[in-house]
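**Student:** Got a structure here, written out as C-alpha cells. Questions coming.
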Amino acid sequence: MVAKARRIIVECKDVGILKAKHVAATLKKYRYPYYADRYDIFIPRRTSVPSETREYAQGRNVKIRRVRF
C-alpha cells in the first residue's frame, strides 16, 4: 500500500506585527497547482500576533510557529 504524500507550505515572516493580510498573502500565493494540506508560517520571538490574526489562521488551516532567533 502506498502512503499519500503530504503537501506542506512553509513560509517565514520577519515582521513586527503579524497581521491577517500576511496570512492571506501566503494563502493566495500558494494556490494552484499546489493545493497544500497545511500551511506553516514561522515567525521570530519578537513578532507579536493579535488574537484576530490567530483566529483567522486557525479557520484556514494555517499554523503559526515561533522560532528562537
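Residues are referred to by chain and number: the chain letter is A, B, ... according to the order shown in the C-alpha cells, the number counts from 1 in that chain, and ligands are numbered separately from 1 in the order shown.
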Run DSSP on the backbone and grab whatever in chain A lands in alpha helix (DSSP H); send it over as a PDB file with C-alpha atoms, in the first residue's frame.

**Tutor:**
```pdb
ATOM      1  CA  ALA A  20      -4.255  38.765   8.765  1.00  0.00           C
ATOM      2  CA  LYS A  21      -3.134  40.282   5.456  1.00  0.00           C
ATOM      3  CA  HIS A  22       0.218  38.463   5.807  1.00  0.00           C
ATOM      4  CA  VAL A  23      -1.600  35.159   6.279  1.00  0.00           C
ATOM      5  CA  ALA A  24      -3.935  35.913   3.366  1.00  0.00           C
ATOM      6  CA  ALA A  25      -0.971  36.744   1.114  1.00  0.00           C
ATOM      7  CA  THR A  26       0.609  33.376   1.878  1.00  0.00           C
ATOM      8  CA  LEU A  27      -2.648  31.562   1.132  1.00  0.00           C
ATOM      9  CA  LYS A  28      -3.115  33.471  -2.115  1.00  0.00           C
ATOM     10  CA  LYS A  29       0.455  32.907  -3.269  1.00  0.00           C
ATOM     11  CA  SER A  51      -5.850  37.350  18.581  1.00  0.00           C
ATOM     12  CA  GLU A  52      -7.762  38.260  15.386  1.00  0.00           C
ATOM     13  CA  THR A  53      -4.844  37.000  13.312  1.00  0.00           C
ATOM     14  CA  ARG A  54      -4.695  33.741  15.270  1.00  0.00           C
ATOM     15  CA  GLU A  55      -8.422  33.156  14.736  1.00  0.00           C
ATOM     16  CA  TYR A  56      -8.091  33.957  11.022  1.00  0.00           C
ATOM     17  CA  ALA A  57      -5.203  31.483  10.703  1.00  0.00           C
ATOM     18  CA  GLN A  58      -6.992  28.715  12.612  1.00  0.00           C
ATOM     19  CA  GLY A  59     -10.004  28.950  10.344  1.00  0.00           C
TER      20      GLY A  59
END
```

**Student:** Report as a list in words: the residues of chain A with a DSSP assignment of strand (DSSP E), based on the backbone of this structure.

**Tutor:** Ile8, Ile9, Val10, Glu11, Cys12, Arg38, Tyr39, Asp40, Ile41, Phe42, Ile43, Val62, Lys63, Ile64, Arg65 and Arg66 of chain A

**Student:** Using only C-alpha atoms, which residue out of A:Arg6, A:Arg60, A:Arg65, A:Lys13 lies closest to Ala36 in chain A?

**Tutor:** A:Arg6

**Student:** Please compute the CA of Ala5 in chain A-CA of Ile43 in chain A distance, one decimal, in Å.

**Tutor:**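 Atom-to-atom, CA of Ala5 in chain A and CA of Ile43 in chain A are spaced 25.7 Å apart.
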
**Student:** So how many Å separate CA of Arg7 in chain A and CA of Tyr39 in chain A, to one decimal?

**Tutor:**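 Computed distance, CA of Arg7 in chain A to CA of Tyr39 in chain A, equals 8.7 Å.
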
**Student:** What is the CA of Arg68 in chain A to CA of Tyr35 in chain A distance in Å?

**Tutor:** 29.1 Å

**Student:** Leaving out Val15 in chain A and any residue of its chain fewer than 6 positions from it, which residues lie within 9 Å of it when counting only C-alpha atoms, given as a list in words?

**Tutor:** Ile43, Pro44, Arg46, Thr47 and Ser48 of chain A

**Student:** Considering only C-alpha atoms, state which residue in the set A:Glu11, A:Val67, A:Asn61, A:Gly16 is at the smallest distance from Ile41 in chain A.

**Tutor:**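 Checking each candidate against Ile41 in chain A, we get A:Glu11 as the closest.
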
**Student:** Here is a test: counting only C-alpha atoms, which residue of A:Asp40, A:Lys19, A:Pro50, A:Arg31 is nearest to Arg66 in chain A?

**Tutor:**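 Going through A:Asp40, A:Lys19, A:Pro50, A:Arg31 one by one, the smallest distance to Arg66 in chain A is for A:Asp40.
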